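Chemist: Data: target-v2.cif, mmCIF, C-alpha atoms.
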data_work
loop_
_atom_site.label_atom_id
_atom_site.label_comp_id
_atom_site.auth_asym_id
_atom_site.auth_seq_id
_atom_site.Cartn_x
_atom_site.Cartn_y
_atom_site.Cartn_z
CA MET A 1 240.84 169.78 -19.54
CA LYS A 2 241.33 166.29 -20.95
CA LYS A 3 242.66 165.11 -17.62
CA LEU A 4 239.58 166.52 -15.94
CA ALA A 5 237.34 164.66 -18.33
CA CYS A 6 239.26 161.45 -17.68
CA ILE A 7 238.99 161.75 -13.94
CA LEU A 8 235.35 162.74 -14.22
CA VAL A 9 234.48 159.63 -16.11
CA GLY A 10 236.71 157.53 -13.92
CA SER A 11 235.31 158.83 -10.69
CA LEU A 12 231.71 158.34 -11.66
CA THR A 13 231.41 154.68 -12.45
CA LEU A 14 228.13 154.03 -10.67
CA PHE A 15 226.19 153.08 -13.69
CA LEU A 16 225.74 149.99 -15.74
CA TYR A 17 226.57 149.27 -19.29
CA SER A 18 224.71 146.47 -20.95
CA CYS A 19 226.60 145.39 -23.99
CA GLU A 20 224.06 143.41 -25.89
CA LYS A 21 224.72 142.75 -29.52
CA ASP A 22 222.22 144.50 -31.70
CA ALA A 23 220.77 143.12 -34.87
CA GLY A 24 221.94 145.82 -37.23
CA ASN A 25 220.73 149.35 -37.42
CA SER A 26 218.43 150.94 -39.91
CA ALA A 27 219.43 154.44 -38.94
CA SER A 28 217.89 156.21 -41.88
CA ALA A 29 214.70 157.90 -40.77
CA SER A 30 211.77 156.24 -42.43
CA SER A 31 208.46 157.88 -43.17
CA GLU A 32 206.92 155.86 -40.36
CA VAL A 33 208.80 157.95 -37.84
CA GLY A 34 207.52 161.44 -37.09
CA LYS A 35 209.62 164.52 -36.57
CA GLY A 36 210.25 166.56 -33.45
CA GLY A 37 211.59 170.04 -32.90
CA SER A 38 215.18 170.92 -32.10
CA LEU A 39 214.40 171.24 -28.39
CA ALA A 40 213.32 167.61 -28.09
CA LYS A 41 214.94 165.22 -25.63
CA PHE A 42 213.40 162.09 -27.23
CA THR A 43 214.20 160.75 -30.66
CA ILE A 44 213.62 157.48 -32.50
CA VAL A 45 216.19 156.04 -34.90
CA GLY A 46 215.51 152.61 -36.31
CA ASN A 47 214.48 150.27 -33.53
CA TYR A 48 215.75 152.46 -30.72
CA ILE A 49 214.51 155.41 -28.79
CA TYR A 50 217.22 157.72 -27.47
CA ALA A 51 216.39 160.04 -24.62
CA VAL A 52 218.48 162.58 -22.79
CA SER A 53 217.92 163.90 -19.31
CA MET A 54 220.18 166.24 -17.39
CA HIS A 55 223.07 163.78 -17.08
CA TYR A 56 222.13 160.63 -18.95
CA LEU A 57 221.63 159.29 -22.44
CA TYR A 58 219.15 156.42 -22.33
CA THR A 59 218.83 153.83 -25.09
CA VAL A 60 215.65 151.79 -25.26
CA ASP A 61 215.10 148.95 -27.73
CA ILE A 62 211.59 149.31 -29.16
CA SER A 63 211.74 146.61 -31.82
CA ASN A 64 208.88 145.05 -29.89
CA PRO A 65 206.65 147.95 -28.74
CA THR A 66 204.75 145.69 -26.39
CA ALA A 67 207.94 145.00 -24.47
CA PRO A 68 210.50 147.81 -24.74
CA VAL A 69 213.85 147.13 -23.11
CA LYS A 70 216.30 149.66 -21.72
CA VAL A 71 219.63 148.53 -23.12
CA ASN A 72 221.92 151.37 -22.15
CA GLN A 73 222.25 154.32 -19.83
CA SER A 74 225.35 156.46 -20.24
CA LEU A 75 226.56 159.30 -18.14
CA LEU A 76 227.23 162.06 -20.61
CA SER A 77 228.41 165.42 -19.52
CA PHE A 78 226.38 167.88 -17.60
CA ASP A 79 223.15 169.63 -18.41
CA MET A 80 222.07 167.82 -21.56
CA GLU A 81 219.52 169.91 -23.35
CA THR A 82 218.59 168.41 -26.72
CA ILE A 83 219.07 165.47 -29.06
CA TYR A 84 219.02 165.56 -32.87
CA PRO A 85 219.49 162.48 -35.06
CA TYR A 86 221.15 162.52 -38.45
CA LYS A 87 221.87 159.22 -40.19
CA ASN A 88 224.10 157.19 -37.90
CA ARG A 89 224.83 160.07 -35.56
CA LEU A 90 223.23 161.74 -32.61
CA TYR A 91 223.97 165.42 -32.06
CA ILE A 92 223.52 166.32 -28.44
CA GLY A 93 223.34 169.92 -27.36
CA SER A 94 224.32 170.70 -23.80
CA ARG A 95 225.14 173.75 -21.78
CA THR A 96 228.84 173.05 -22.18
CA GLY A 97 229.13 172.03 -25.78
CA LEU A 98 228.05 170.02 -28.76
CA TYR A 99 228.55 166.26 -28.48
CA ILE A 100 228.42 163.90 -31.44
CA TYR A 101 227.65 160.22 -30.86
CA SER A 102 227.95 157.37 -33.33
CA ILE A 103 225.10 154.88 -33.31
CA ASP A 104 226.76 152.43 -35.70
CA THR A 105 226.20 150.05 -32.83
CA ALA A 106 222.69 151.25 -32.19
CA SER A 107 222.34 149.75 -28.74
CA SER A 108 225.37 151.54 -27.34
CA PRO A 109 226.01 155.08 -28.59
CA ARG A 110 229.67 156.06 -28.62
CA LEU A 111 231.09 159.56 -28.28
CA ILE A 112 233.10 160.43 -31.39
CA GLY A 113 233.35 164.19 -31.44
CA GLU A 114 232.79 167.29 -29.42
CA ALA A 115 232.99 171.04 -29.65
CA LYS A 116 233.23 172.77 -26.32
CA HIS A 117 232.05 176.26 -25.73
CA GLY A 118 231.30 178.50 -22.81
CA ARG A 119 228.25 177.82 -20.71
CA SER A 120 225.11 178.40 -22.70
CA CYS A 121 221.90 176.75 -23.89
CA ASP A 122 222.35 174.84 -27.06
CA PRO A 123 219.96 173.09 -29.45
CA VAL A 124 221.55 171.82 -32.65
CA VAL A 125 220.61 170.67 -36.16
CA ALA A 126 223.01 169.12 -38.65
CA ASN A 127 223.75 167.18 -41.81
CA ASP A 128 226.82 165.43 -43.25
CA THR A 129 229.04 168.43 -43.41
CA VAL A 130 227.74 171.16 -41.16
CA SER A 131 226.04 171.67 -37.81
CA TYR A 132 224.13 174.72 -36.68
CA SER A 133 223.57 175.42 -33.04
CA THR A 134 222.18 178.33 -31.14
CA LEU A 135 223.78 179.56 -27.97
CA LYS A 136 221.89 181.68 -25.56
CA GLY A 137 224.53 183.43 -23.52
CA ASN A 138 222.27 185.56 -21.38
CA SER A 139 220.07 184.62 -18.42
CA PHE A 140 221.16 181.62 -16.41
CA CYS A 141 222.58 179.73 -19.34
CA GLY A 142 225.91 181.46 -18.98
CA PRO A 143 228.39 183.84 -20.46
CA ALA A 144 229.00 182.58 -24.02
CA THR A 145 228.18 185.00 -26.83
CA SER A 146 224.56 184.61 -27.95
CA GLY A 147 224.10 183.65 -31.54
CA LEU A 148 224.10 181.08 -34.30
CA TYR A 149 227.23 178.88 -34.35
CA VAL A 150 228.27 177.12 -37.53
CA HIS A 151 230.59 174.10 -37.27
CA ASP A 152 232.29 172.16 -40.02
CA VAL A 153 231.69 168.51 -39.05
CA LYS A 154 233.28 166.82 -42.07
CA ASN A 155 235.95 165.54 -39.72
CA ILE A 156 233.55 164.32 -37.10
CA ASN A 157 236.25 163.85 -34.51
CA ASN A 158 237.15 167.47 -34.68
CA PRO A 159 234.32 169.93 -35.42
CA VAL A 160 235.69 173.29 -36.50
CA LEU A 161 233.91 176.56 -35.75
CA LYS A 162 233.45 178.35 -39.09
CA LYS A 163 231.20 181.26 -38.27
CA THR A 164 229.28 182.96 -35.49
CA ILE A 165 226.30 185.17 -36.20
CA PRO A 166 225.15 187.24 -33.22
CA ILE A 167 221.47 186.90 -32.33
CA ASN A 168 220.19 188.25 -29.03
CA GLU A 169 218.08 185.36 -27.83
CA PRO A 170 218.09 182.43 -30.25
CA ILE A 171 216.18 179.27 -29.33
CA GLY A 172 215.09 176.41 -31.62
CA LEU A 173 216.10 175.97 -35.24
CA GLY A 174 215.46 173.82 -38.30
CA ILE A 175 216.90 173.08 -41.76
CA ALA A 176 215.02 172.56 -45.02
CA ASP A 177 217.35 172.23 -48.01
CA SER A 178 218.79 175.66 -48.71
CA ALA A 179 217.04 177.37 -45.81
CA LEU A 180 217.82 177.56 -42.12
CA TYR A 181 215.10 178.81 -39.77
CA VAL A 182 216.18 180.22 -36.43
CA CYS A 183 213.73 181.17 -33.70
CA ALA A 184 214.83 184.46 -32.20
CA ALA A 185 212.31 184.70 -29.35
CA GLY A 186 210.63 188.13 -29.41
CA GLU A 187 212.57 189.21 -32.49
CA GLY A 188 210.66 186.71 -34.60
CA LEU A 189 211.77 184.00 -37.00
CA LYS A 190 214.99 184.50 -38.94
CA VAL A 191 215.31 182.85 -42.34
CA PHE A 192 218.87 182.22 -43.54
CA LYS A 193 220.03 181.20 -46.98
CA ILE A 194 222.55 178.35 -46.63
CA ASN A 195 223.59 177.69 -50.23
CA ASN A 196 227.04 178.12 -48.82
CA ALA A 197 226.58 175.93 -45.76
CA TYR A 198 229.35 177.54 -43.72
CA ASP A 199 228.24 181.07 -44.45
CA PRO A 200 224.51 181.51 -43.72
CA VAL A 201 223.14 184.77 -45.08
CA ILE A 202 220.09 186.36 -43.52
CA ASN A 203 217.29 186.43 -46.05
CA SER A 204 214.35 187.74 -44.06
CA THR A 205 212.86 188.00 -40.59
CA ILE A 206 209.24 187.27 -39.76
CA PRO A 207 208.60 189.65 -36.89
CA GLY A 208 205.75 190.18 -34.47
CA ASN A 209 205.66 186.91 -32.56
CA TYR A 210 207.70 185.07 -29.96
CA PHE A 211 209.18 182.04 -31.75
CA ILE A 212 210.42 179.12 -29.64
CA ASP A 213 210.97 176.13 -31.95
CA VAL A 214 210.28 174.93 -35.51
CA ILE A 215 209.80 171.69 -37.43
CA PRO A 216 210.28 171.78 -41.20
CA TYR A 217 207.97 168.95 -42.32
CA ASN A 218 207.82 168.42 -46.07
CA ASP A 219 206.49 171.71 -47.45
CA MET A 220 205.28 172.95 -44.12
CA LEU A 221 207.00 174.84 -41.34
CA ILE A 222 205.44 174.17 -37.96
CA CYS A 223 206.28 176.85 -35.45
CA TRP A 224 205.85 176.78 -31.71
CA THR A 225 205.19 180.36 -30.75
CA ARG A 226 204.20 181.74 -27.39
CA ASP A 227 200.55 182.24 -28.32
CA GLY A 228 200.03 179.05 -30.31
CA ILE A 229 201.25 176.91 -33.18
CA ARG A 230 201.80 178.77 -36.44
CA LEU A 231 201.85 176.96 -39.78
CA TYR A 232 203.72 178.28 -42.81
CA ASP A 233 203.89 176.99 -46.37
CA ILE A 234 207.56 176.62 -47.32
CA SER A 235 207.22 175.24 -50.86
CA ASN A 236 209.42 178.25 -51.50
CA ARG A 237 211.95 177.55 -48.77
CA LEU A 238 213.17 181.10 -48.37
CA ASN A 239 209.78 182.72 -48.40
CA PRO A 240 207.46 181.16 -45.78
CA GLN A 241 203.79 181.95 -46.38
CA PHE A 242 201.57 182.12 -43.33
CA ILE A 243 198.73 179.59 -43.33
CA LYS A 244 197.21 179.34 -39.90
CA LEU A 245 197.53 180.11 -36.20
CA ILE A 246 196.22 177.41 -33.88
CA ALA A 247 195.80 179.72 -30.93
CA ASN A 248 196.46 178.52 -27.39
CA MET B 1 249.00 162.72 -6.21
CA ARG B 2 248.10 166.16 -4.90
CA GLN B 3 247.14 167.19 -8.36
CA LYS B 4 244.88 164.19 -8.74
CA ARG B 5 243.18 164.99 -5.47
CA PHE B 6 242.70 168.55 -6.62
CA TRP B 7 240.98 167.41 -9.80
CA LEU B 8 238.86 164.93 -7.87
CA ILE B 9 237.66 167.62 -5.49
CA LEU B 10 237.12 170.04 -8.32
CA CYS B 11 235.04 167.63 -10.32
CA SER B 12 233.05 166.62 -7.27
CA VAL B 13 232.26 170.28 -6.72
CA ILE B 14 231.25 170.70 -10.35
CA PHE B 15 229.18 167.55 -10.16
CA LEU B 16 227.37 168.67 -7.03
CA ALA B 17 226.89 172.18 -8.35
CA SER B 18 224.88 170.74 -11.19
CA CYS B 19 222.34 169.50 -8.66
CA TRP B 20 221.57 173.06 -7.70
CA ASP B 21 218.22 174.16 -9.04
CA PHE B 22 218.74 177.77 -9.98
CA ASN B 23 215.02 178.41 -10.20
CA ARG B 24 214.39 177.42 -6.65
CA LYS B 25 215.08 179.60 -3.68
CA ASN B 26 215.05 177.67 -0.47
CA ILE B 27 214.64 180.23 2.24
CA PRO B 28 214.43 178.74 5.71
CA PRO B 29 211.53 180.66 7.21
CA PRO B 30 212.01 182.23 10.63
CA ASP B 31 209.48 180.86 13.08
CA ASN B 32 207.48 184.02 12.99
CA GLN B 33 207.42 184.29 9.20
CA PRO B 34 203.81 184.43 8.08
CA LYS B 35 202.37 182.07 5.53
CA VAL B 36 201.61 183.59 2.16
CA LEU B 37 199.20 182.78 -0.64
CA GLY B 38 200.87 180.34 -2.99
CA TYR B 39 200.55 176.87 -4.47
CA LYS B 40 200.24 173.57 -2.67
CA PRO B 41 200.80 170.20 -4.36
CA VAL B 42 198.06 167.59 -4.56
CA TYR B 43 199.45 164.06 -4.52
CA GLY B 44 198.06 160.98 -6.16
CA ALA B 45 198.71 157.32 -5.68
CA GLU B 46 201.19 156.16 -8.31
CA VAL B 47 198.62 154.08 -10.17
CA PHE B 48 196.25 157.04 -10.32
CA ALA B 49 198.92 159.63 -11.09
CA LYS B 50 200.17 157.57 -14.02
CA ASP B 51 196.76 156.78 -15.46
CA ILE B 52 196.40 157.48 -19.20
CA LEU B 53 193.18 158.85 -20.64
CA TYR B 54 192.17 160.17 -24.04
CA SER B 55 189.42 162.69 -24.44
CA ALA B 56 188.13 163.86 -27.83
CA THR B 57 187.74 167.38 -26.50
CA ALA B 58 190.09 170.21 -27.37
CA LEU B 59 191.61 171.81 -24.28
CA PRO B 60 193.32 175.20 -24.13
CA VAL B 61 197.13 175.23 -24.07
CA ILE B 62 198.27 176.55 -20.70
CA ASN B 63 201.96 175.73 -20.54
CA GLY B 64 202.78 174.45 -24.01
CA GLY B 65 205.89 172.35 -24.57
CA ASN B 66 207.56 170.41 -27.36
CA ILE B 67 205.88 170.03 -30.72
CA TYR B 68 205.83 166.95 -32.94
CA ALA B 69 204.69 166.17 -36.48
CA PHE B 70 203.46 162.80 -37.74
CA GLN B 71 201.64 162.44 -41.05
CA ASN B 72 198.44 164.48 -40.81
CA TYR B 73 198.73 165.03 -37.09
CA LEU B 74 200.53 167.56 -34.97
CA PHE B 75 201.11 167.22 -31.27
CA GLN B 76 202.06 169.59 -28.51
CA VAL B 77 203.06 168.54 -25.03
CA GLU B 78 201.19 170.27 -22.24
CA ASN B 79 204.12 170.33 -19.86
CA GLY B 80 203.45 167.99 -16.97
CA TYR B 81 199.88 167.13 -17.94
CA GLY B 82 199.62 165.48 -21.32
CA ILE B 83 199.56 165.86 -25.09
CA HIS B 84 197.34 167.97 -27.33
CA VAL B 85 196.34 166.26 -30.58
CA ILE B 86 195.92 168.49 -33.63
CA ASP B 87 194.31 167.41 -36.88
CA ASN B 88 196.39 168.91 -39.69
CA THR B 89 194.75 167.13 -42.62
CA ASN B 90 193.79 170.49 -44.02
CA PRO B 91 196.36 172.98 -42.68
CA SER B 92 194.18 176.04 -43.21
CA ASN B 93 191.65 174.46 -40.86
CA ALA B 94 194.10 172.80 -38.50
CA ALA B 95 192.72 172.57 -34.97
CA ARG B 96 193.13 170.77 -31.68
CA ILE B 97 190.78 167.79 -31.57
CA GLY B 98 191.67 166.00 -28.37
CA PHE B 99 193.90 165.59 -25.37
CA ILE B 100 195.81 162.61 -24.01
CA THR B 101 196.17 162.90 -20.26
CA VAL B 102 199.67 161.76 -19.33
CA LYS B 103 200.69 163.23 -15.98
CA GLY B 104 204.35 164.07 -15.62
CA CYS B 105 204.77 164.16 -19.39
CA SER B 106 207.46 166.23 -21.09
CA GLN B 107 208.65 164.35 -24.20
CA MET B 108 207.17 162.38 -27.08
CA SER B 109 208.06 160.62 -30.31
CA ILE B 110 206.17 158.42 -32.80
CA LYS B 111 206.92 155.39 -34.90
CA ASN B 112 204.38 153.24 -36.75
CA ASP B 113 201.25 154.58 -35.02
CA LYS B 114 202.91 154.03 -31.66
CA LEU B 115 203.38 157.10 -29.53
CA TYR B 116 206.25 157.01 -27.03
CA THR B 117 206.11 159.41 -24.14
CA ASN B 118 207.07 159.71 -20.51
CA SER B 119 204.82 159.78 -17.49
CA TYR B 120 207.15 161.03 -14.78
CA ASP B 121 209.91 158.36 -14.92
CA ASP B 122 207.98 155.73 -16.91
CA LEU B 123 208.24 155.15 -20.65
CA ILE B 124 204.72 154.79 -22.02
CA VAL B 125 203.85 153.30 -25.41
CA LEU B 126 200.41 154.19 -26.77
CA ASP B 127 198.63 152.89 -29.85
CA PHE B 128 196.78 155.76 -31.45
CA SER B 129 195.87 154.10 -34.74
CA ASN B 130 192.28 154.43 -33.58
CA LEU B 131 191.93 157.85 -31.99
CA SER B 132 188.64 157.04 -30.33
CA ASN B 133 190.26 154.15 -28.55
CA ILE B 134 193.82 154.96 -27.52
CA GLN B 135 195.34 151.95 -25.86
CA ILE B 136 198.36 151.54 -23.64
CA VAL B 137 200.62 149.07 -25.42
CA SER B 138 203.24 148.91 -22.73
CA ARG B 139 204.81 150.71 -19.83
CA LEU B 140 208.45 150.50 -18.80
CA LYS B 141 208.46 151.61 -15.20
CA GLY B 142 210.94 153.97 -13.62
CA ILE B 143 213.60 154.00 -16.33
CA PHE B 144 214.08 157.78 -16.60
CA GLN B 145 215.15 158.52 -13.03
CA GLU B 146 215.87 162.17 -13.74
CA TYR B 147 212.46 162.80 -15.29
CA ARG B 148 210.72 161.93 -12.06
CA TYR B 149 211.54 164.98 -9.97
CA GLY B 150 212.56 167.10 -12.91
CA SER B 151 209.04 166.72 -14.25
CA PRO B 152 207.37 169.99 -15.17
CA ILE B 153 204.50 169.06 -12.88
CA ALA B 154 206.89 169.12 -9.90
CA GLU B 155 206.52 172.90 -9.93
CA PRO B 156 203.38 175.04 -9.90
CA PRO B 157 202.21 176.54 -13.20
CA VAL B 158 203.08 180.14 -12.36
CA SER B 159 205.73 182.00 -10.40
CA GLY B 160 205.45 182.54 -6.66
CA TYR B 161 205.86 180.67 -3.39
CA TYR B 162 204.86 177.04 -3.18
CA GLU B 163 204.99 174.18 -0.77
CA CYS B 164 208.03 172.08 -1.66
CA PRO B 165 206.68 168.77 -2.95
CA ARG B 166 207.60 165.52 -1.26
CA THR B 167 209.94 163.42 -3.34
CA ASP B 168 208.34 160.10 -2.38
CA SER B 169 204.99 160.97 -3.96
CA PHE B 170 203.58 161.98 -7.32
CA VAL B 171 202.25 165.50 -7.75
CA VAL B 172 199.09 165.42 -9.87
CA LYS B 173 198.08 169.09 -9.65
CA TRP B 174 198.50 172.34 -7.75
CA ILE B 175 195.94 174.31 -5.80
CA ARG B 176 195.98 177.82 -4.33
CA ASP B 177 196.55 177.81 -0.58
CA SER B 178 198.52 179.53 2.13
CA VAL B 179 202.04 178.14 2.21
CA ASN B 180 205.37 178.59 3.95
CA GLN B 181 207.96 180.64 2.14
CA TYR B 182 210.24 177.67 1.47
CA CYS B 183 210.17 177.15 -2.25
CA TYR B 184 209.87 179.87 -4.84
CA LYS B 185 209.41 179.64 -8.57
CA GLN B 186 210.73 182.56 -10.56
#
Before we go any further, please render this structure as structure tokens.
Modeler:
Amino acid sequence: MKKLACILVGSLTLFLYSCEKDAGNSASASSEVGKGGSLAKFTIVGNYIYAVSMHYLYTVDISNPTAPVKVNQSLLSFDMETIYPYKNRLYIGSRTGLYIYSIDTASSPRLIGEAKHGRSCDPVVANDTVSYSTLKGNSFCGPATSGLYVHDVKNINNPVLKKTIPINEPIGLGIADSALYVCAAGEGLKVFKINNAYDPVINSTIPGNYFIDVIPYNDMLICWTRDGIRLYDISNRLNPQFIKLIAN
Amino acid sequence: MRQKRFWLILCSVIFLASCWDFNRKNIPPPDNQPKVLGYKPVYGAEVFAKDILYSATALPVINGGNIYAFQNYLFQVENGYGIHVIDNTNPSNAARIGFITVKGCSQMSIKNDKLYTNSYDDLIVLDFSNLSNIQIVSRLKGIFQEYRYGSPIAEPPVSGYYECPRTDSFVVKWIRDSVNQYCYKQ
């Protein structure tokens, strides 16, 4: 498998690397940057916007918004789905695995860890020690077992699978402190307690709607559901209180 | 050496296989195959297709995409067409208040009152500090090659047969018409 990866990279050298020096990296998300859902393919960290498409990770310097500059385009793996920033890392979900990039050198992300799995769809959220990703093994995404996958990422070079919780059709997900919210399509929104990060425990399910993605934003949970955007108050993280449906 | 060649061929096959669009059925129509009711693309000149426009009118969400939160605003991409703006100052009264037309749009992100999005393969930077006067700050043309044809607007809004769009032009909308049974959206 390693050999394959080597040859893959070696045989596909038709793209450019620009190796400009960058002027440091303020990777910590500031309040001036908004927040996207786990299915996003765009994210801003510091003075850079990172974007994934099917096969590429693009890096654009936006320190001067009137004149953005593309500084890097890397061939990743195949079928990139999502990008999630955490501190100086980018977690990239793909149909073949979870890829972790270091952005210590913000202008040229570097692959530092990966966890391969069977073909499946795969958004991911993470913090220093743990990453949660959902794999949708049915439909055209492939044969992996559908569910919530918990990886220990303390050793970033070698993520270790700690737990798998079967869910029929999981999609987007989000973390707020001790709570993990997982969209389970037509089954609703599943709320997990993650006091023990590697052992999420189901706390409740909000049924009745088709949940696609979530953004925990301060004390609010913003949910993309099939018939509109639903807002919940999550001052009590484990007990979301419905506020409003902004119907389609 | 043989082994190397094997891997090379294998990875070429894998690489090419990834080009296959599983949603699209290309059925070469027999000469006598009748046309059916489906969707036909309407093309626009690049400068027109990539025009940006803000309207302070709430539009219905037809094919909603990614969501985004920034201070008292929420946003939802209308896949292929633009971005809904939602005023969330008072969550119990949160409502759509406007729509930014950005054809070929699928992604967005915000920093310092600057909204970054894509119009087909272009990166667009918009200043929305004054909602009644959204300005284009800059445009980086053609940097996201794979967003151009992979744009959600490159397919009709609903399932059925459609006329395969040309790849040298920009689709700006779809209309009902009789079409060959070449392309099919599931």
Chemist: Considering only C-alpha atoms, extract the chain A residues located within 7 Å of chain B and return them as a ChimeraX atom specification.
Modeler: /A:4,7-8,32-37,39-44,53-54,65-68,224,243-244,246,248
Chemist: May I have the residues at most 12 Å from (222.7, 178.9, -52.1) in the file's coordinates, counting all atoms listed in the file, as a PyMOL selection string?
Modeler: chain A and resi 177-180+192-203+237-238
Chemist: Between A:Ile212, A:Ile167, A:Leu245, A:Leu90, which one has atoms that come closest to A:Asp128, using all atoms listed in the file?
Modeler: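 The closest residue to A:Asp128 is A:Leu90.
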Chemist: What residues come out when you apply the PyMOL selection byres ((chain A and resi 98-114) around 6) to this file, written as a tab-separated table (two decimals) with C-alpha atoms, in the coordinates of the input?
Modeler:
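Output (selection.tsv):
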chain	number	residue	atom	x	y	z
A	25	ASN	CA	220.73	149.35	-37.42
A	88	ASN	CA	224.10	157.19	-37.90
A	89	ARG	CA	224.83	160.07	-35.56
A	90	LEU	CA	223.23	161.74	-32.61
A	91	TYR	CA	223.97	165.42	-32.06
A	92	ILE	CA	223.52	166.32	-28.44
A	93	GLY	CA	223.34	169.92	-27.36
A	97	GLY	CA	229.13	172.03	-25.78
A	115	ALA	CA	232.99	171.04	-29.65
A	156	ILE	CA	233.55	164.32	-37.10
A	157	ASN	CA	236.25	163.85	-34.51
A	158	ASN	CA	237.15	167.47	-34.68
Chemist: Please write as a list in words the list of polymer residues whose atoms come within 10 Å of (202.7, 156.7, -12.9), counting all atoms listed in the file and keeping to the coordinates of the file.
Modeler: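 Output of the proximity query reads Gly44, Ala45, Glu46, Val47, Phe48, Ala49, Lys50, Asp51, Ile52, Val102, Lys103, Gly104, Asn118, Ser119, Tyr120, Asp121, Asp122, Leu123, Ile124, Arg139, Lys141, Gly142, Arg148, Phe170 and Val172 of chain B.
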Chemist: Rounded to one decimal place, report the atom CA of B:Cys105-atom CA of B:Ser151 distance in Å.
Modeler: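 Those two atoms sit 7.2 Å apart.
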Chemist: Quick check, in Å to one decimal: how far apart do atom CA of B:Ile134 and atom CA of A:Asp213 lie?
Modeler: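 Taking atom CA of B:Ile134 as the start and atom CA of A:Asp213 as the end point, the length is 27.6 Å.
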Chemist: Taking the file as shown, what set of residues would the PyMOL selection byres ((chain A and resi 215) around 7) give back, as a list in words?
Modeler: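 Applying the PyMOL selection byres ((chain A and resi 215) around 7) to the structure shown produces Gly36, Gly37, Gly174, Val214, Pro216, Tyr217, Leu221, Ile222 and Cys223 of chain A.
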Chemist: Between atom CA of A:Leu148 and atom CA of A:Val182, what is the distance, to one decimal in Å?
Modeler: 8.2 Å
Chemist: What does the PyMOL selection byres ((chain A and resi 94) around 6) select in this file, as a ChimeraX atom specification?
Modeler: /A:79-81,93,95-97,122
Chemist: Atoms to include: C-alpha atoms. Write the selected residues as a PDB file, keeping the file's coordinate frame.
Modeler:
ATOM      1  CA  ASP A  79     223.150 169.630 -18.410  1.00  0.00           C
ATOM      2  CA  MET A  80     222.070 167.820 -21.560  1.00  0.00           C
ATOM      3  CA  GLU A  81     219.520 169.910 -23.350  1.00  0.00           C
ATOM      4  CA  GLY A  93     223.340 169.920 -27.360  1.00  0.00           C
ATOM      5  CA  ARG A  95     225.140 173.750 -21.780  1.00  0.00           C
ATOM      6  CA  THR A  96     228.840 173.050 -22.180  1.00  0.00           C
ATOM      7  CA  GLY A  97     229.130 172.030 -25.780  1.00  0.00           C
ATOM      8  CA  ASP A 122     222.350 174.840 -27.060  1.00  0.00           C
TER       9      ASP A 122
END
Chemist: Report as lines of an AutoDock Vina configuration file the centre and the edge lengths, in Å to one decimal, of the axis-aligned box holding every listed atom of stretch 100-119 of chain B, padded by 4 Å on each side.
Modeler:
center_x = 202.2
center_y = 159.7
center_z = -26.2
size_x = 20.8
size_y = 21.0
size_z = 29.1
Chemist: Write out as a ChimeraX atom specification each polymer residue whose atoms come within 10 Å of B:Val36, counting all atoms listed in the file; drop sequence neighbours fewer than 2 positions from it.
Modeler: /B:33-34,38-39,160-162,177-181
